[in-house]
Amino acid sequence: MTEVLVRSYANGRARRQLILDEATTLFGEVGYRAASLREIAARVGISHPGLLHHFPAKQALLLAVLEHRDEVDAQRFGLDHLQGVELLRHMVDLVDFNATRPGIVELYCVLSAESTAPDHPAHAFFVSRYARSVAQCAAGFEGAQAAGLLRPGIDPDAAGRAFVALTDGLQVQWLLDRDSVDMATVLRATLAQLVVAGA
């Protein structure tokens, strides 16, 4: 009986992961509003009620997709273990990668703005995410400072907050005019102004 339960639990986790992967892909392709739970269920090969067993509402799936995206990106770009200038460079690499998935970037931009309302279902997620992002960037600049690579007079905390704000602003500009905005190039140029030459 125990082996059956373990196998059932493992299958459930695998199915949930597949749903997240397909939802992330579909949201990236057509955006959150245009994506339907039925289409996601069809891609996974389960019924609509079967999908609702894992995610009872589209908003619940959305939050899970956002959390999943952050976990996958952190692993892909090593954001959980890098420090100093290397951490900041890999963050810019992530922004460069985001230029290949406009649907996800649009989803993030729209939801982060909407979630400023305290009663929005993603409010707590974005409050926590912004706190983590700013702290992570600030830690990167603190590491650069400790290694003697941050230009004199730059406050790591202020630089971290400004770097996150610049990233978000560039994403909006890029969504409005993808042909003339190169997010990663602007961020790399900004980073070059904050660290010593050759860092």
# chains A, B, ... in the order shown; residues from 1 in each chain; ligands from 1

call {"tool": "select_by_dssp", "arguments": {"residues": "region 95-149 of chain A", "states": "helix (DSSP H, G or I)", "output": "number ranges by chain"}}
result
A: 95-98, 102-114, 123-146

call {"tool": "write_last_selection", "arguments": {"atoms": "N, CA and C atoms", "output": "short mmCIF file (atom, residue, chain, number, x, y, z; two decimals), in the first residue's frame"}}
result
data_model
loop_
_atom_site.label_atom_id
_atom_site.label_comp_id
_atom_site.auth_asym_id
_atom_site.auth_seq_id
_atom_site.Cartn_x
_atom_site.Cartn_y
_atom_site.Cartn_z
N VAL A 95 18.22 38.67 -18.49
CA VAL A 95 17.42 39.66 -19.22
C VAL A 95 17.57 39.45 -20.72
N ASP A 96 18.78 39.14 -21.16
CA ASP A 96 19.02 38.86 -22.58
C ASP A 96 18.19 37.66 -23.03
N PHE A 97 18.15 36.63 -22.19
CA PHE A 97 17.35 35.44 -22.49
C PHE A 97 15.86 35.78 -22.53
N ASN A 98 15.43 36.69 -21.66
CA ASN A 98 14.01 37.07 -21.62
C ASN A 98 13.55 37.67 -22.94
N PRO A 102 8.80 36.97 -25.19
CA PRO A 102 8.04 38.19 -24.92
C PRO A 102 6.74 37.96 -24.16
N GLY A 103 6.10 36.82 -24.38
CA GLY A 103 4.84 36.56 -23.67
C GLY A 103 5.03 36.52 -22.17
N ILE A 104 6.11 35.90 -21.72
CA ILE A 104 6.40 35.83 -20.29
C ILE A 104 6.76 37.21 -19.74
N VAL A 105 7.54 37.98 -20.51
CA VAL A 105 7.91 39.33 -20.08
C VAL A 105 6.67 40.21 -19.96
N GLU A 106 5.77 40.11 -20.94
CA GLU A 106 4.53 40.89 -20.89
C GLU A 106 3.69 40.48 -19.69
N LEU A 107 3.60 39.18 -19.46
CA LEU A 107 2.85 38.68 -18.31
C LEU A 107 3.39 39.27 -17.02
N TYR A 108 4.71 39.25 -16.86
CA TYR A 108 5.34 39.78 -15.67
C TYR A 108 5.06 41.27 -15.51
N CYS A 109 5.24 42.04 -16.59
CA CYS A 109 5.05 43.49 -16.53
C CYS A 109 3.62 43.86 -16.16
N VAL A 110 2.66 43.22 -16.80
CA VAL A 110 1.26 43.52 -16.54
C VAL A 110 0.89 43.15 -15.10
N LEU A 111 1.28 41.97 -14.69
CA LEU A 111 0.90 41.52 -13.36
C LEU A 111 1.60 42.29 -12.26
N SER A 112 2.86 42.66 -12.46
CA SER A 112 3.56 43.41 -11.42
C SER A 112 2.89 44.77 -11.21
N ALA A 113 2.38 45.37 -12.29
CA ALA A 113 1.68 46.65 -12.17
C ALA A 113 0.31 46.45 -11.51
N GLU A 114 -0.43 45.44 -11.97
CA GLU A 114 -1.75 45.19 -11.41
C GLU A 114 -1.69 44.81 -9.94
N HIS A 123 -0.42 39.95 -5.25
CA HIS A 123 0.20 41.03 -4.48
C HIS A 123 1.33 40.53 -3.58
N ALA A 124 1.04 39.53 -2.78
CA ALA A 124 2.05 39.02 -1.84
C ALA A 124 3.26 38.45 -2.59
N PHE A 125 2.99 37.79 -3.71
CA PHE A 125 4.08 37.22 -4.51
C PHE A 125 5.04 38.32 -4.97
N PHE A 126 4.50 39.40 -5.52
CA PHE A 126 5.36 40.45 -6.06
C PHE A 126 6.04 41.27 -4.97
N VAL A 127 5.37 41.47 -3.84
CA VAL A 127 6.02 42.15 -2.72
C VAL A 127 7.26 41.35 -2.31
N SER A 128 7.09 40.05 -2.16
CA SER A 128 8.20 39.18 -1.77
C SER A 128 9.26 39.12 -2.85
N ARG A 129 8.84 39.04 -4.11
CA ARG A 129 9.79 38.92 -5.22
C ARG A 129 10.65 40.17 -5.36
N TYR A 130 10.02 41.33 -5.25
CA TYR A 130 10.79 42.56 -5.35
C TYR A 130 11.79 42.69 -4.20
N ALA A 131 11.37 42.31 -3.01
CA ALA A 131 12.29 42.37 -1.87
C ALA A 131 13.50 41.47 -2.12
N ARG A 132 13.25 40.26 -2.66
CA ARG A 132 14.35 39.34 -2.96
C ARG A 132 15.24 39.87 -4.08
N SER A 133 14.63 40.40 -5.13
CA SER A 133 15.40 40.89 -6.27
C SER A 133 16.31 42.06 -5.89
N VAL A 134 15.76 43.00 -5.13
CA VAL A 134 16.56 44.15 -4.71
C VAL A 134 17.68 43.69 -3.79
N ALA A 135 17.36 42.79 -2.85
CA ALA A 135 18.38 42.29 -1.93
C ALA A 135 19.47 41.54 -2.68
N GLN A 136 19.09 40.77 -3.69
CA GLN A 136 20.06 40.01 -4.46
C GLN A 136 20.98 40.93 -5.25
N CYS A 137 20.41 41.95 -5.89
CA CYS A 137 21.24 42.91 -6.63
C CYS A 137 22.15 43.69 -5.69
N ALA A 138 21.60 44.11 -4.56
CA ALA A 138 22.40 44.85 -3.58
C ALA A 138 23.56 43.99 -3.10
N ALA A 139 23.28 42.69 -2.87
CA ALA A 139 24.35 41.78 -2.45
C ALA A 139 25.42 41.66 -3.53
N GLY A 140 25.00 41.68 -4.80
CA GLY A 140 25.96 41.64 -5.89
C GLY A 140 26.88 42.85 -5.87
N PHE A 141 26.30 44.03 -5.64
CA PHE A 141 27.11 45.24 -5.58
C PHE A 141 27.96 45.28 -4.31
N GLU A 142 27.44 44.73 -3.22
CA GLU A 142 28.24 44.64 -2.00
C GLU A 142 29.45 43.74 -2.21
N GLY A 143 29.23 42.63 -2.92
CA GLY A 143 30.33 41.72 -3.23
C GLY A 143 31.38 42.40 -4.11
N ALA A 144 30.89 43.19 -5.08
CA ALA A 144 31.81 43.93 -5.94
C ALA A 144 32.60 44.94 -5.12
N GLN A 145 31.93 45.58 -4.19
CA GLN A 145 32.60 46.56 -3.32
C GLN A 145 33.67 45.90 -2.46
N ALA A 146 33.33 44.75 -1.88
CA ALA A 146 34.27 44.04 -1.03
C ALA A 146 35.50 43.59 -1.81
#

call {"tool": "closest_residue", "arguments": {"among": "A:Arg178, A:His81, A:Lys58, A:Arg33", "to": "Ile19 (chain A)", "atoms": "only C-alpha atoms"}}
result
A:Lys58

call {"tool": "closest_residue", "arguments": {"among": "A:Gly28, A:Pro118, A:Gly169, A:Gly45", "to": "Arg101 (chain A)", "atoms": "only C-alpha atoms"}}
result
A:Gly28

call {"tool": "residues_around", "arguments": {"residues": "region 73-80 of chain A", "least_positions_apart": "5", "cutoff": "7 Å", "atoms": "only C-alpha atoms", "output": "PDB file with N, CA and C atoms, in the first residue's frame"}}
result
ATOM      1  N   LEU A  87      27.524  37.651 -10.388  1.00  0.00           N
ATOM      2  CA  LEU A  87      26.084  37.557 -10.171  1.00  0.00           C
ATOM      3  C   LEU A  87      25.360  38.599 -11.014  1.00  0.00           C
ATOM      4  N   HIS A  90      25.346  37.699 -14.712  1.00  0.00           N
ATOM      5  CA  HIS A  90      24.408  36.624 -15.028  1.00  0.00           C
ATOM      6  C   HIS A  90      22.968  37.117 -14.983  1.00  0.00           C
ATOM      7  N   LEU A  94      20.262  36.824 -17.997  1.00  0.00           N
ATOM      8  CA  LEU A  94      18.863  36.410 -17.869  1.00  0.00           C
ATOM      9  C   LEU A  94      17.956  37.379 -18.619  1.00  0.00           C
TER      10      LEU A  94
END

call {"tool": "closest_residue", "arguments": {"among": "A:Ala42, A:Leu20, A:Asn11, A:His120", "to": "Ala64 (chain A)", "atoms": "only C-alpha atoms"}}
result
A:Leu20

call {"tool": "decode", "arguments": {"residues": "region 103-115 of chain A", "atoms": "C-alpha atoms", "output": "mmCIF file, in the first residue's frame"}}
result
data_model
loop_
_atom_site.group_PDB
_atom_site.id
_atom_site.type_symbol
_atom_site.label_atom_id
_atom_site.label_comp_id
_atom_site.auth_asym_id
_atom_site.auth_seq_id
_atom_site.Cartn_x
_atom_site.Cartn_y
_atom_site.Cartn_z
ATOM 1 C CA GLY A 103 4.842 36.558 -23.675
ATOM 2 C CA ILE A 104 6.398 35.832 -20.287
ATOM 3 C CA VAL A 105 7.909 39.330 -20.084
ATOM 4 C CA GLU A 106 4.531 40.887 -20.889
ATOM 5 C CA LEU A 107 2.853 38.677 -18.310
ATOM 6 C CA TYR A 108 5.342 39.775 -15.667
ATOM 7 C CA CYS A 109 5.048 43.493 -16.529
ATOM 8 C CA VAL A 110 1.257 43.518 -16.537
ATOM 9 C CA LEU A 111 0.903 41.516 -13.356
ATOM 10 C CA SER A 112 3.555 43.411 -11.424
ATOM 11 C CA ALA A 113 1.677 46.646 -12.165
ATOM 12 C CA GLU A 114 -1.754 45.191 -11.405
ATOM 13 C CA SER A 115 -0.553 43.566 -8.197
#
